[in-house]
file target-v2.tsv (TSV, C-alpha atoms)
chain	number	residue	atom	x	y	z
Q	1	MET	CA	12.17	11.26	21.45
Q	2	ASN	CA	9.90	13.81	23.09
Q	3	LYS	CA	6.43	15.23	22.62
Q	4	ILE	CA	7.42	18.16	20.40
Q	5	LEU	CA	9.95	16.30	18.27
Q	6	PRO	CA	9.00	12.61	18.27
Q	7	ALA	CA	11.47	11.88	15.45
Q	8	PRO	CA	14.24	14.53	15.43
Q	9	PHE	CA	16.22	12.96	12.59
Q	10	LEU	CA	13.11	12.75	10.45
Q	11	SER	CA	12.37	16.41	11.22
Q	12	LEU	CA	15.90	17.41	10.24
Q	13	PHE	CA	15.67	15.36	7.06
Q	14	LEU	CA	12.31	16.93	6.15
Q	15	LEU	CA	13.64	20.45	6.71
Q	16	VAL	CA	16.75	19.86	4.59
Q	17	PHE	CA	14.73	18.11	1.89
Q	18	TRP	CA	12.22	20.98	1.84
Q	19	LEU	CA	14.98	23.54	1.40
Q	20	LEU	CA	16.61	21.49	-1.35
Q	21	LEU	CA	13.30	21.27	-3.18
Q	22	GLN	CA	12.87	25.03	-2.98
Q	23	ASN	CA	16.35	25.62	-4.43
Q	24	THR	CA	16.64	28.82	-2.40
Q	25	ILE	CA	16.84	29.79	1.25
Q	26	THR	CA	14.72	32.64	2.51
Q	27	PRO	CA	13.49	33.24	6.06
Q	28	GLY	CA	9.91	32.46	5.05
Q	29	LEU	CA	10.85	29.14	3.47
Q	30	VAL	CA	12.95	28.18	6.50
Q	31	VAL	CA	10.05	28.96	8.86
Q	32	LEU	CA	7.53	27.08	6.72
Q	33	GLY	CA	9.95	24.15	6.37
Q	34	ALA	CA	10.48	24.10	10.15
Q	35	ILE	CA	6.73	24.10	10.76
Q	36	LEU	CA	6.29	21.20	8.34
Q	37	ALA	CA	9.32	19.38	9.80
Q	38	VAL	CA	7.71	19.49	13.25
Q	39	ALA	CA	4.07	18.95	12.17
Q	40	ILE	CA	4.55	15.94	9.86
Q	41	PRO	CA	6.25	13.68	12.46
Q	42	LEU	CA	3.67	14.75	15.07
Q	43	TYR	CA	0.84	13.90	12.69
Q	44	THR	CA	2.33	10.55	11.65
Q	45	ASN	CA	3.60	9.52	15.10
Q	46	ARG	CA	0.74	7.08	15.68
Q	47	GLY	CA	1.90	5.02	12.71
Q	48	ARG	CA	5.00	4.08	14.66
Q	49	ASP	CA	2.81	2.10	17.08
Q	50	PHE	CA	2.71	-0.75	14.54
Q	51	PRO	CA	6.30	-1.85	14.07
Q	52	ALA	CA	7.00	-4.32	11.31
Q	53	THR	CA	10.27	-5.90	10.43
Q	54	ILE	CA	10.95	-6.63	6.81
Q	55	ARG	CA	12.79	-9.94	6.95
Q	56	LYS	CA	13.66	-10.09	3.25
Q	57	PRO	CA	14.32	-6.61	1.85
Q	58	PHE	CA	15.18	-7.84	-1.64
Q	59	LYS	CA	11.83	-9.65	-1.81
Q	60	ALA	CA	10.18	-6.36	-0.80
Q	61	ILE	CA	11.87	-4.62	-3.73
Q	62	GLU	CA	10.76	-7.44	-6.03
Q	63	TYR	CA	7.22	-7.07	-4.63
Q	64	PHE	CA	7.29	-3.34	-5.36
Q	65	PHE	CA	8.22	-3.88	-9.01
Q	66	LEU	CA	5.65	-6.67	-9.38
Q	67	LEU	CA	3.03	-4.27	-8.04
Q	68	LEU	CA	4.10	-1.57	-10.51
Q	69	VAL	CA	3.75	-3.98	-13.44
Q	70	ASP	CA	0.35	-5.18	-12.18
Q	71	ILE	CA	-0.85	-1.58	-11.81
Q	72	LEU	CA	0.22	-0.84	-15.39
Q	73	ILE	CA	-1.49	-3.95	-16.77
Q	74	SER	CA	-4.66	-3.25	-14.78
Q	75	ASN	CA	-4.72	0.33	-16.06
Q	76	LEU	CA	-4.61	-0.97	-19.62
Q	77	ASN	CA	-7.44	-3.42	-18.87
Q	78	ILE	CA	-9.58	-0.66	-17.34
Q	79	ALA	CA	-8.84	1.60	-20.31
Q	80	ALA	CA	-10.00	-1.18	-22.65
Q	81	ILE	CA	-13.23	-1.54	-20.67
Q	82	ILE	CA	-13.84	2.22	-20.86
Q	83	LEU	CA	-12.95	2.57	-24.54
Q	84	MET	CA	-14.97	-0.47	-25.61
Q	85	PRO	CA	-18.36	-0.06	-23.96
Q	86	SER	CA	-19.62	-3.14	-25.80
Q	87	ARG	CA	-17.50	-5.29	-23.44
Q	88	ARG	CA	-19.68	-6.66	-20.69
Q	89	ILE	CA	-18.28	-6.20	-17.21
Q	90	LYS	CA	-18.96	-8.62	-14.40
Q	91	PRO	CA	-18.58	-6.81	-11.06
Q	92	ALA	CA	-18.31	-8.92	-7.96
Q	93	LEU	CA	-18.01	-8.62	-4.19
Q	94	ILE	CA	-15.73	-11.37	-2.93
Q	95	GLU	CA	-14.83	-12.47	0.59
Q	96	TYR	CA	-11.11	-13.21	0.48
Q	97	PRO	CA	-9.83	-15.51	3.26
Q	98	LEU	CA	-6.49	-14.39	4.72
Q	99	ASP	CA	-3.58	-16.68	5.49
Q	100	ILE	CA	-1.29	-13.90	6.71
Q	101	VAL	CA	-1.42	-12.44	10.20
Q	102	GLY	CA	-0.38	-9.10	11.63
Q	103	GLU	CA	-1.77	-5.63	11.15
Q	104	VAL	CA	0.99	-4.35	8.88
Q	105	PRO	CA	1.05	-7.28	6.40
Q	106	ILE	CA	-2.74	-7.27	6.17
Q	107	THR	CA	-2.73	-3.50	5.61
Q	108	VAL	CA	-0.07	-3.85	2.89
Q	109	LEU	CA	-2.15	-6.54	1.16
Q	110	ALA	CA	-5.35	-4.48	1.41
Q	111	SER	CA	-3.51	-1.44	0.03
Q	112	THR	CA	-2.02	-3.52	-2.78
Q	113	ILE	CA	-5.46	-4.70	-3.81
Q	114	SER	CA	-6.81	-1.14	-3.70
Q	115	LEU	CA	-3.87	0.25	-5.68
Q	116	THR	CA	-4.54	-2.15	-8.53
Q	117	PRO	CA	-7.17	-0.52	-10.78
Q	118	GLY	CA	-10.41	-2.44	-10.98
Q	119	THR	CA	-10.23	-3.81	-7.43
Q	120	ILE	CA	-10.69	-2.24	-4.03
Q	121	THR	CA	-10.63	-3.57	-0.51
Q	122	ALA	CA	-14.02	-2.64	0.85
Q	123	GLU	CA	-13.64	-4.02	4.36
Q	124	ILE	CA	-11.40	-6.00	6.68
Q	125	ARG	CA	-13.38	-8.41	8.81
Q	126	ARG	CA	-13.19	-7.58	12.54
Q	127	ASP	CA	-11.38	-10.79	13.40
Q	128	GLY	CA	-8.77	-10.03	10.71
Q	129	ARG	CA	-9.28	-13.31	8.88
Q	130	ALA	CA	-10.86	-12.04	5.65
Q	131	LEU	CA	-11.06	-9.07	3.29
Q	132	MET	CA	-14.12	-7.99	1.37
Q	133	ILE	CA	-12.96	-7.11	-2.14
Q	134	HIS	CA	-14.96	-5.38	-4.83
Q	135	ALA	CA	-13.71	-6.24	-8.32
Q	136	LEU	CA	-14.88	-4.53	-11.48
Q	137	ASN	CA	-14.58	-7.45	-13.88
Q	138	VAL	CA	-14.42	-11.02	-12.57
Q	139	ASP	CA	-15.07	-14.16	-14.58
Q	140	ASP	CA	-14.12	-16.66	-11.87
Q	141	HIS	CA	-14.11	-15.79	-8.15
Q	142	GLU	CA	-11.85	-18.70	-7.20
Q	143	LYS	CA	-9.35	-17.77	-9.90
Q	144	LEU	CA	-9.15	-14.21	-8.54
Q	145	ILE	CA	-8.63	-15.50	-4.98
Q	146	ALA	CA	-5.92	-17.91	-6.15
Q	147	SER	CA	-4.24	-15.14	-8.14
Q	148	ILE	CA	-4.10	-12.78	-5.15
Q	149	LYS	CA	-2.81	-15.57	-2.89
Q	150	GLN	CA	-0.10	-16.57	-5.35
Q	151	ARG	CA	0.99	-13.11	-6.54
Q	152	TYR	CA	0.73	-11.05	-3.37
Q	153	GLU	CA	-0.06	-12.91	-0.16
Q	154	MET	CA	2.61	-15.58	-0.66
Q	155	ARG	CA	5.26	-12.90	-1.20
Q	156	LEU	CA	4.11	-10.89	1.83
Q	157	LYS	CA	4.41	-14.03	3.95
Q	158	GLU	CA	8.05	-14.27	2.87
Q	159	ILE	CA	8.75	-10.56	3.33
Q	160	PHE	CA	7.25	-10.29	6.82
Q	161	LYS	CA	7.69	-13.95	7.93
Q	162	CYS	CA	4.10	-14.20	9.10
call {"tool": "encode", "arguments": {"input": "target-v2.tsv", "output": "C-alpha coordinates"}}
result
Amino acid sequence: MNKILPAPFLSLFLLVFWLLLQNTITPGLVVLGAILAVAIPLYTNRGRDFPATIRKPFKAIEYFFLLLVDILISNLNIAAIILMPSRRIKPALIEYPLDIVGEVPITVLASTISLTPGTITAEIRRDGRALMIHALNVDDHEKLIASIKQRYEMRLKEIFKC
(Lines of atoms letter the chains of each structure in order from A and count residues from 1; the text may use other names and numbers.)
(Lines give C-alpha, C1' and ligand atoms only; values in the text may rest on other atoms or scores of the structure.)
Protein backbone atom coordinates (compact mmCIF):
# COMPACT_ATOMS: atom_id res chain seq x y z
CA MET A 1 0.00 0.00 0.00
CA ASN A 2 1.44 3.35 -1.03
CA LYS A 3 0.26 6.90 -1.57
CA ILE A 4 -0.53 6.57 -5.28
CA LEU A 5 -2.12 3.13 -5.12
CA PRO A 6 -3.52 2.64 -1.61
CA ALA A 7 -5.41 -0.49 -2.71
CA PRO A 8 -3.71 -2.03 -5.77
CA PHE A 9 -6.03 -5.03 -6.00
CA LEU A 10 -9.07 -2.77 -5.84
CA SER A 11 -7.55 -0.60 -8.59
CA LEU A 12 -6.94 -3.65 -10.77
CA PHE A 13 -10.46 -4.91 -10.14
CA LEU A 14 -11.95 -1.50 -11.01
CA LEU A 15 -9.96 -1.30 -14.24
CA VAL A 16 -10.97 -4.80 -15.35
CA PHE A 17 -14.59 -4.22 -14.34
CA TRP A 18 -14.64 -0.91 -16.24
CA LEU A 19 -13.34 -2.57 -19.39
CA LEU A 20 -15.84 -5.42 -19.07
CA LEU A 21 -18.68 -2.91 -18.73
CA GLN A 22 -17.54 -1.11 -21.87
CA ASN A 23 -17.47 -4.36 -23.86
CA THR A 24 -14.62 -3.01 -25.97
CA ILE A 25 -11.01 -2.01 -25.45
CA THR A 26 -9.77 1.23 -26.93
CA PRO A 27 -6.84 3.35 -25.77
CA GLY A 28 -9.19 6.08 -24.54
CA LEU A 29 -11.26 3.66 -22.47
CA VAL A 30 -8.12 2.10 -20.98
CA VAL A 31 -6.77 5.53 -20.00
CA LEU A 32 -10.09 6.65 -18.52
CA GLY A 33 -10.44 3.32 -16.69
CA ALA A 34 -6.89 3.66 -15.32
CA ILE A 35 -7.63 7.19 -14.11
CA LEU A 36 -10.79 5.99 -12.36
CA ALA A 37 -8.99 2.92 -10.98
CA VAL A 38 -6.43 5.19 -9.31
CA ALA A 39 -8.79 8.04 -8.32
CA ILE A 40 -11.57 5.99 -6.68
CA PRO A 41 -9.33 4.22 -4.11
CA LEU A 42 -7.57 7.52 -3.37
CA TYR A 43 -10.90 9.24 -2.81
CA THR A 44 -12.31 6.43 -0.64
CA ASN A 45 -9.10 5.69 1.28
CA ARG A 46 -10.27 7.52 4.40
CA GLY A 47 -13.14 5.05 4.77
CA ARG A 48 -10.61 2.34 5.56
CA ASP A 49 -9.78 4.15 8.82
CA PHE A 50 -12.92 2.63 10.38
CA PRO A 51 -12.44 -1.12 10.23
CA ALA A 52 -15.39 -3.27 11.16
CA THR A 53 -15.53 -7.00 11.37
CA ILE A 54 -18.75 -8.70 10.43
CA ARG A 55 -18.97 -11.53 12.93
CA LYS A 56 -22.02 -13.20 11.40
CA PRO A 57 -22.02 -12.85 7.60
CA PHE A 58 -25.21 -14.86 7.11
CA LYS A 59 -27.03 -12.53 9.51
CA ALA A 60 -25.72 -9.61 7.43
CA ILE A 61 -27.25 -11.16 4.30
CA GLU A 62 -30.51 -11.70 6.19
CA TYR A 63 -30.36 -8.06 7.33
CA PHE A 64 -29.90 -6.93 3.72
CA PHE A 65 -33.00 -8.78 2.54
CA LEU A 66 -35.02 -7.56 5.53
CA LEU A 67 -34.02 -4.01 4.61
CA LEU A 68 -35.06 -4.56 0.98
CA VAL A 69 -38.50 -5.78 2.07
CA ASP A 70 -38.89 -2.85 4.49
CA ILE A 71 -37.91 -0.38 1.77
CA LEU A 72 -40.52 -1.88 -0.56
CA ILE A 73 -43.26 -1.78 2.10
CA SER A 74 -42.35 1.79 3.07
CA ASN A 75 -42.46 2.86 -0.57
CA LEU A 76 -45.99 1.49 -0.83
CA ASN A 77 -47.00 3.32 2.36
CA ILE A 78 -45.55 6.60 1.07
CA ALA A 79 -47.29 6.09 -2.29
CA ALA A 80 -50.59 5.60 -0.44
CA ILE A 81 -50.02 8.84 1.49
CA ILE A 82 -49.30 10.71 -1.75
CA LEU A 83 -52.18 9.21 -3.72
CA MET A 84 -54.72 9.69 -0.92
CA PRO A 85 -54.28 13.27 0.24
CA SER A 86 -57.25 12.87 2.56
CA ARG A 87 -55.06 10.71 4.83
CA ARG A 88 -53.74 12.79 7.68
CA ILE A 89 -50.02 12.48 8.26
CA LYS A 90 -48.45 12.85 11.68
CA PRO A 91 -44.82 13.91 11.28
CA ALA A 92 -42.57 13.60 14.28
CA LEU A 93 -39.02 14.28 15.41
CA ILE A 94 -37.91 11.50 17.74
CA GLU A 95 -34.79 11.08 19.84
CA TYR A 96 -33.84 7.43 19.49
CA PRO A 97 -31.60 6.05 22.28
CA LEU A 98 -28.82 3.77 20.99
CA ASP A 99 -27.82 0.48 22.56
CA ILE A 100 -25.13 -0.31 19.98
CA VAL A 101 -21.63 1.14 20.08
CA GLY A 102 -19.02 1.73 17.42
CA GLU A 103 -18.91 4.14 14.52
CA VAL A 104 -19.61 1.60 11.80
CA PRO A 105 -22.67 -0.08 13.40
CA ILE A 106 -24.17 3.30 14.29
CA THR A 107 -23.55 4.54 10.73
CA VAL A 108 -25.18 1.40 9.30
CA LEU A 109 -28.22 1.91 11.54
CA ALA A 110 -28.48 5.60 10.64
CA SER A 111 -28.20 4.74 6.94
CA THR A 112 -30.81 2.00 7.30
CA ILE A 113 -33.25 4.46 8.84
CA SER A 114 -32.56 7.00 6.08
CA LEU A 115 -32.92 4.40 3.32
CA THR A 116 -36.41 3.48 4.50
CA PRO A 117 -38.83 5.95 2.87
CA GLY A 118 -40.67 8.13 5.33
CA THR A 119 -37.84 8.27 7.87
CA ILE A 120 -34.51 10.02 7.93
CA THR A 121 -31.73 10.27 10.46
CA ALA A 122 -31.40 13.99 11.05
CA GLU A 123 -28.54 13.92 13.54
CA ILE A 124 -26.28 11.71 15.61
CA ARG A 125 -25.76 13.09 19.09
CA ARG A 126 -22.12 14.07 19.75
CA ASP A 127 -21.68 11.45 22.45
CA GLY A 128 -22.97 8.77 20.06
CA ARG A 129 -25.75 7.62 22.38
CA ALA A 130 -28.80 8.79 20.40
CA LEU A 131 -30.10 9.52 16.92
CA MET A 132 -32.53 12.25 16.00
CA ILE A 133 -35.02 10.72 13.56
CA HIS A 134 -37.60 12.56 11.50
CA ALA A 135 -40.54 10.34 10.58
CA LEU A 136 -43.26 11.31 8.14
CA ASN A 137 -46.15 9.43 9.71
CA VAL A 138 -45.98 8.28 13.34
CA ASP A 139 -48.92 7.27 15.50
CA ASP A 140 -46.91 6.12 18.51
CA HIS A 141 -43.33 7.26 19.20
CA GLU A 142 -42.57 4.37 21.55
CA LYS A 143 -43.86 1.84 19.03
CA LEU A 144 -41.52 3.26 16.36
CA ILE A 145 -38.55 3.13 18.74
CA ALA A 146 -39.38 -0.47 19.72
CA SER A 147 -39.77 -1.42 16.06
CA ILE A 148 -36.35 -0.02 15.10
CA LYS A 149 -34.72 -1.69 18.11
CA GLN A 150 -36.29 -5.05 17.34
CA ARG A 151 -35.97 -5.05 13.54
CA TYR A 152 -32.61 -3.35 13.01
CA GLU A 153 -30.56 -2.60 16.11
CA MET A 154 -30.88 -6.09 17.59
CA ARG A 155 -29.68 -7.63 14.32
CA LEU A 156 -26.78 -5.18 14.03
CA LYS A 157 -25.70 -6.12 17.55
CA GLU A 158 -25.49 -9.74 16.40
CA ILE A 159 -23.76 -8.92 13.11
CA PHE A 160 -21.07 -6.68 14.63
CA LYS A 161 -21.01 -8.16 18.17
CA CYS A 162 -21.25 -4.75 19.79
call {"tool": "axis_aligned_box", "arguments": {"input": "target-v2.tsv", "around": "region 3-11 of chain Q", "padding_each_side": "6 Å", "output": "JSON"}}
result
{"center_x": 11.3, "center_y": 15.0, "center_z": 16.5, "size_x": 21.8, "size_y": 18.3, "size_z": 24.2}
call {"tool": "residues_around", "arguments": {"input": "target-v2.tsv", "residues": "Ala110 (chain Q)", "least_positions_apart": "5", "cutoff": "12 Å", "atoms": "all atoms listed in the file", "output": "PDB file with C-alpha atoms, in the frame of the given file"}}
result
ATOM      1  CA  TYR Q  96     -11.110 -13.210   0.480  1.00  0.00           C
ATOM      2  CA  LEU Q  98      -6.490 -14.390   4.720  1.00  0.00           C
ATOM      3  CA  ILE Q 100      -1.290 -13.900   6.710  1.00  0.00           C
ATOM      4  CA  GLU Q 103      -1.770  -5.630  11.150  1.00  0.00           C
ATOM      5  CA  VAL Q 104       0.990  -4.350   8.880  1.00  0.00           C
ATOM      6  CA  PRO Q 105       1.050  -7.280   6.400  1.00  0.00           C
ATOM      7  CA  LEU Q 115      -3.870   0.250  -5.680  1.00  0.00           C
ATOM      8  CA  THR Q 116      -4.540  -2.150  -8.530  1.00  0.00           C
ATOM      9  CA  THR Q 119     -10.230  -3.810  -7.430  1.00  0.00           C
ATOM     10  CA  ILE Q 120     -10.690  -2.240  -4.030  1.00  0.00           C
ATOM     11  CA  THR Q 121     -10.630  -3.570  -0.510  1.00  0.00           C
ATOM     12  CA  ALA Q 122     -14.020  -2.640   0.850  1.00  0.00           C
ATOM     13  CA  GLU Q 123     -13.640  -4.020   4.360  1.00  0.00           C
ATOM     14  CA  ILE Q 124     -11.400  -6.000   6.680  1.00  0.00           C
ATOM     15  CA  ARG Q 125     -13.380  -8.410   8.810  1.00  0.00           C
ATOM     16  CA  GLY Q 128      -8.770 -10.030  10.710  1.00  0.00           C
ATOM     17  CA  ALA Q 130     -10.860 -12.040   5.650  1.00  0.00           C
ATOM     18  CA  LEU Q 131     -11.060  -9.070   3.290  1.00  0.00           C
ATOM     19  CA  MET Q 132     -14.120  -7.990   1.370  1.00  0.00           C
ATOM     20  CA  ILE Q 133     -12.960  -7.110  -2.140  1.00  0.00           C
ATOM     21  CA  HIS Q 134     -14.960  -5.380  -4.830  1.00  0.00           C
ATOM     22  CA  ILE Q 148      -4.100 -12.780  -5.150  1.00  0.00           C
ATOM     23  CA  TYR Q 152       0.730 -11.050  -3.370  1.00  0.00           C
ATOM     24  CA  GLU Q 153      -0.060 -12.910  -0.160  1.00  0.00           C
ATOM     25  CA  LEU Q 156       4.110 -10.890   1.830  1.00  0.00           C
TER      26      LEU Q 156
END
call {"tool": "residues_around", "arguments": {"input": "target-v2.tsv", "residues": "Ser74 (chain Q)", "least_positions_apart": "6", "cutoff": "12 Å", "atoms": "all atoms listed in the file", "output": "PyMOL selection string"}}
result
chain Q and resi 67-68+80-81+113-119+135-137
call {"tool": "closest_residue", "arguments": {"input": "target-v2.tsv", "among": "Q:Glu62, Q:Asp127, Q:Asp49, Q:Glu142", "to": "Arg155 (chain Q)", "atoms": "all atoms listed in the file"}}
result
Q:Glu62
call {"tool": "closest_residue", "arguments": {"input": "target-v2.tsv", "among": "Q:Leu144, Q:Leu72, Q:Pro91, Q:Phe64", "to": "Thr112 (chain Q)", "atoms": "all atoms listed in the file"}}
result
Q:Phe64
call {"tool": "residues_around", "arguments": {"input": "target-v2.tsv", "residues": "region 35-37 of chain Q", "least_positions_apart": "5", "cutoff": "10 Å", "atoms": "only C-alpha atoms", "output": "count of residues only"}}
result
16
call {"tool": "atom_distance", "arguments": {"input": "target-v2.tsv", "atom1": "CA of Leu66 (chain Q)", "atom2": "CA of Thr107 (chain Q)"}}
result
17.5 Å
